[in-house]
Amino acid sequence: MPVWHSHREGWLLVDALETASWKSRLSWVGAVPLTALFLVSGVWKVTSPLVWAARIAELGVPQAFGLAAALVVGIAETVGAAWILVPRFRRWGAILIGLLLVGFMAWFAVNYEALRGADCSCFPFARRVVGPGFFAGDLAMLALAVLAGMWARRPAGARPALAVAATVAVFALVSYGVETQRQTGAPAPAAVTVNGQPYAIGRGRFFLFFFNPMCSHCADAARRMARLDWRDATVIAVPIEQPQFAGQFLDDTGLRAVVSTDFQKLRQAVGYTLYPYGVAVENGRQKARLTGFDAPEPEATLQRLGFAH
């Protein structure tokens with residue numbers, strides 16, 4: 001009898017190990033691709049928060065909350081990617097990533113008609129647009145999160161997990177500080193092309209306004225800026241697309257400006273992200289980059305800088 005019990009216990013142990021083995025493999029199958037996807041997406045956001053603040057505003061988030069949203073989402077995605085890769089944190093990572101995915105799908109579902117067809121890619125190597133494919137992709141990632149967390153070991157080590165989150169948060173804030181610092185004092189091009197001739201911007205105050213003549217948001221911002229007193233600065237309007245309609249745009253909005261077609265020359269020099277976009281230049285140096293064009297911006301910043309009254 002003891003021999004029989006020993007054999008039975010041995011087989012039970014083998015069965016338990018085999019069961020644990022295939023569950024562990026499935027957990028890794030769910031965790032590894034999510035780690036790669038969310039690490040890329042999260043790091044992209046925390047290293048370019050101002051760019052992502054503008055992109056998030058394009059997806060319906062009020063511009064006043066765009067920067068905070070970019071930082072919070074970027075930190076959460078990076079932390080989720082780190083947690084889900086570590087077996088003892090994996091269940092927490094799966095829950096965090098699952099909540100993010102549910103939140104993304106809920107936002108785009110509520111705003112579907114307004115955002116249908118809009119670029120919503122969080123990954124630099126793939127373009128995604130709001131539509132049925134977006135929801136299918138997020139549901140697939142949600143299934144991977146469930147697969148990763150369902151058979152993950154019981155979470156352990158809250159303090160190390162929180163240390164990971166704190167490290168990511170500090171990195172994000174430092175990255176934001178560095179990017180903000182780069183905006184102040186960076187040199188601007190010595191001249192731009194206006195009416196086919198070089199137009200010096202090395203001395204004095206100039207506001208470079210990047211716009212699309214067909215963009216209603218740009219037009220609203222231009223109409224509000226047209227009401228400002230620009231005695232201390234010159235507006236240089238830079239069309240991103242369809243430059244042949246730039247003059248008509250200025251006539252329709254009443255904004256007094258000269259038009260430059262040097263978008264390709266300027267885009268890298270001034271860190272252009274998405275239109276509408278503005279750069280305040282003083283004596284050849286960039287004073288500020290403006291990505292917010294919902295009232296009271298950009299008027300408040302322009303007045304604070306002394307470019308307009």
# chains A, B, ... in the order shown; residues from 1 in each chain; ligands from 1

call {"tool": "select_by_dssp", "arguments": {"residues": "range 157-233 of chain A", "states": "alpha helix (DSSP H)", "output": "PyMOL selection string"}}
result
chain A and resi 158-183+216-226

call {"tool": "select_by_dssp", "arguments": {"residues": "range 55-253 of chain A", "states": "strand (DSSP E)", "output": "PyMOL selection string"}}
result
chain A and resi 191-194+197-200+205-211+234-239

call {"tool": "closest_atom_pairs", "arguments": {"of": "range 14-59 of chain A", "to": "range 275-289 of chain A", "cutoff": "12 Å", "atoms": "only C-alpha atoms", "output": "Markdown table"}}
result
| residue | atom | partner | partner_atom | distance |
| --- | --- | --- | --- | --- |
| A:Leu50 | CA | A:Arg289 | CA | 9.7 |
| A:Val51 | CA | A:Tyr277 | CA | 10.9 |
| A:Ala54 | CA | A:Tyr275 | CA | 8.8 |
| A:Arg55 | CA | A:Tyr275 | CA | 9.9 |
| A:Ala57 | CA | A:Tyr275 | CA | 11.0 |
| A:Glu58 | CA | A:Tyr275 | CA | 9.5 |

call {"tool": "closest_residue", "arguments": {"among": "A:Gln63, A:Thr273, A:Ile56, A:Pro189", "to": "Glu297 in chain A", "atoms": "only C-alpha atoms"}}
result
A:Gln63

call {"tool": "residues_around", "arguments": {"residues": "Ala233 in chain A", "least_positions_apart": "2", "cutoff": "9 Å", "atoms": "only C-alpha atoms", "output": "PyMOL selection string"}}
result
chain A and resi 204-207+230-231+235+282+306-308

call {"tool": "write_last_selection", "arguments": {"atoms": "C-alpha atoms", "output": "mmCIF file, in the first residue's frame"}}
result
data_model
loop_
_atom_site.group_PDB
_atom_site.id
_atom_site.type_symbol
_atom_site.label_atom_id
_atom_site.label_comp_id
_atom_site.auth_asym_id
_atom_site.auth_seq_id
_atom_site.Cartn_x
_atom_site.Cartn_y
_atom_site.Cartn_z
ATOM 1 C CA GLY A 204 12.715 91.917 -33.427
ATOM 2 C CA ARG A 205 9.664 89.869 -32.525
ATOM 3 C CA PHE A 206 7.913 87.466 -34.866
ATOM 4 C CA PHE A 207 5.126 84.956 -34.394
ATOM 5 C CA TRP A 230 0.299 93.345 -32.875
ATOM 6 C CA ARG A 231 2.239 96.633 -32.781
ATOM 7 C CA VAL A 235 2.858 87.529 -37.712
ATOM 8 C CA GLU A 282 12.517 87.217 -30.327
ATOM 9 C CA GLY A 306 4.568 91.046 -24.801
ATOM 10 C CA PHE A 307 4.070 90.021 -28.441
ATOM 11 C CA ALA A 308 0.508 91.341 -28.555
#

call {"tool": "decode", "arguments": {"residues": "range 25-151 of chain A", "atoms": "C-alpha atoms", "output": "compact mmCIF listing (two decimals), in the first residue's frame"}}
result
# COMPACT_ATOMS: atom_id res chain seq x y z
CA ARG A 25 3.55 29.24 -21.29
CA LEU A 26 0.16 30.72 -22.18
CA SER A 27 0.73 33.49 -19.66
CA TRP A 28 4.02 34.34 -21.36
CA VAL A 29 2.31 34.24 -24.78
CA GLY A 30 -0.01 37.00 -23.59
CA ALA A 31 2.61 39.00 -21.68
CA VAL A 32 5.47 39.28 -24.18
CA PRO A 33 3.65 41.02 -27.07
CA LEU A 34 1.85 43.37 -24.68
CA THR A 35 5.17 44.29 -23.08
CA ALA A 36 6.62 45.20 -26.48
CA LEU A 37 3.56 47.17 -27.63
CA PHE A 38 2.91 49.12 -24.46
CA LEU A 39 6.57 49.79 -23.72
CA VAL A 40 7.00 51.40 -27.15
CA SER A 41 3.76 53.35 -26.82
CA GLY A 42 4.41 54.49 -23.25
CA VAL A 43 8.04 55.50 -23.72
CA TRP A 44 7.09 57.42 -26.88
CA LYS A 45 4.61 59.47 -24.85
CA VAL A 46 6.81 60.15 -21.83
CA THR A 47 9.76 61.21 -24.00
CA SER A 48 7.63 63.48 -26.23
CA PRO A 49 4.90 64.77 -23.90
CA LEU A 50 4.34 68.07 -25.72
CA VAL A 51 3.94 66.33 -29.06
CA TRP A 52 1.48 63.91 -27.52
CA ALA A 53 -0.40 66.67 -25.75
CA ALA A 54 -1.15 68.11 -29.19
CA ARG A 55 -2.07 64.72 -30.63
CA ILE A 56 -4.39 63.92 -27.74
CA ALA A 57 -6.11 67.28 -28.19
CA GLU A 58 -6.79 66.27 -31.80
CA LEU A 59 -8.65 63.23 -30.41
CA GLY A 60 -11.19 65.31 -28.52
CA VAL A 61 -9.50 65.82 -25.16
CA PRO A 62 -9.68 69.50 -24.09
CA GLN A 63 -6.31 71.15 -24.69
CA ALA A 64 -6.14 72.25 -21.06
CA PHE A 65 -5.87 68.56 -20.09
CA GLY A 66 -3.79 67.37 -23.07
CA LEU A 67 -0.41 67.48 -21.36
CA ALA A 68 -1.66 65.83 -18.17
CA ALA A 69 -3.40 63.13 -20.23
CA ALA A 70 -0.23 62.46 -22.26
CA LEU A 71 1.88 62.08 -19.12
CA VAL A 72 -0.63 59.97 -17.19
CA VAL A 73 -1.32 57.62 -20.10
CA GLY A 74 2.36 57.34 -20.99
CA ILE A 75 3.33 56.53 -17.41
CA ALA A 76 0.50 54.00 -17.04
CA GLU A 77 1.40 52.26 -20.31
CA THR A 78 5.09 52.04 -19.40
CA VAL A 79 4.36 50.77 -15.90
CA GLY A 80 1.87 48.24 -17.25
CA ALA A 81 4.46 46.96 -19.73
CA ALA A 82 7.07 46.59 -16.97
CA TRP A 83 4.72 44.88 -14.55
CA ILE A 84 3.27 42.39 -17.01
CA LEU A 85 6.74 41.18 -17.97
CA VAL A 86 7.63 40.22 -14.38
CA PRO A 87 5.77 37.06 -13.25
CA ARG A 88 5.19 38.23 -9.67
CA PHE A 89 3.74 41.58 -10.90
CA ARG A 90 2.05 40.16 -14.01
CA ARG A 91 -1.50 40.08 -12.71
CA TRP A 92 -1.27 43.75 -11.71
CA GLY A 93 0.17 44.60 -15.12
CA ALA A 94 -2.60 42.70 -16.89
CA ILE A 95 -5.24 44.55 -14.88
CA LEU A 96 -3.66 47.95 -15.57
CA ILE A 97 -3.30 47.30 -19.30
CA GLY A 98 -6.83 45.88 -19.44
CA LEU A 99 -8.23 49.02 -17.81
CA LEU A 100 -6.34 51.21 -20.27
CA LEU A 101 -7.68 49.27 -23.23
CA VAL A 102 -11.26 49.41 -21.92
CA GLY A 103 -10.84 53.15 -21.35
CA PHE A 104 -9.51 53.71 -24.88
CA MET A 105 -12.37 51.75 -26.45
CA ALA A 106 -14.96 53.55 -24.35
CA TRP A 107 -13.59 56.99 -25.31
CA PHE A 108 -13.56 56.24 -29.03
CA ALA A 109 -16.96 54.57 -28.89
CA VAL A 110 -18.54 57.63 -27.26
CA ASN A 111 -16.80 59.98 -29.74
CA TYR A 112 -16.98 57.64 -32.72
CA GLU A 113 -18.84 59.89 -35.15
CA ALA A 114 -16.55 62.86 -34.48
CA LEU A 115 -13.33 60.83 -34.62
CA ARG A 116 -14.07 58.21 -37.27
CA GLY A 117 -11.11 57.99 -39.63
CA ALA A 118 -8.80 59.99 -37.33
CA ASP A 119 -5.24 58.78 -36.79
CA CYS A 120 -5.13 57.15 -33.35
CA SER A 121 -1.86 55.26 -33.59
CA CYS A 122 0.17 54.89 -30.40
CA PHE A 123 2.91 52.96 -32.17
CA PRO A 124 5.49 54.69 -34.42
CA PHE A 125 5.75 51.65 -36.70
CA ALA A 126 2.03 51.29 -37.51
CA ARG A 127 -0.76 53.64 -38.48
CA ARG A 128 -4.18 53.06 -36.95
CA VAL A 129 -7.36 54.98 -37.58
CA VAL A 130 -10.60 55.10 -35.63
CA GLY A 131 -12.91 52.50 -37.14
CA PRO A 132 -13.92 48.84 -36.78
CA GLY A 133 -10.30 47.73 -37.09
CA PHE A 134 -9.31 49.84 -34.08
CA PHE A 135 -11.81 48.09 -31.84
CA ALA A 136 -10.84 44.67 -33.19
CA GLY A 137 -7.19 45.37 -32.44
CA ASP A 138 -7.88 46.58 -28.90
CA LEU A 139 -10.12 43.58 -28.23
CA ALA A 140 -7.29 41.30 -29.37
CA MET A 141 -4.89 43.04 -26.98
CA LEU A 142 -7.48 42.79 -24.21
CA ALA A 143 -7.67 39.02 -24.82
CA LEU A 144 -3.87 38.84 -24.49
CA ALA A 145 -4.09 40.74 -21.18
CA VAL A 146 -6.67 38.25 -19.88
CA LEU A 147 -4.47 35.37 -21.06
CA ALA A 148 -1.43 36.84 -19.34
CA GLY A 149 -3.17 37.54 -16.05
CA MET A 150 -5.49 34.54 -15.77
CA TRP A 151 -2.76 32.03 -14.96
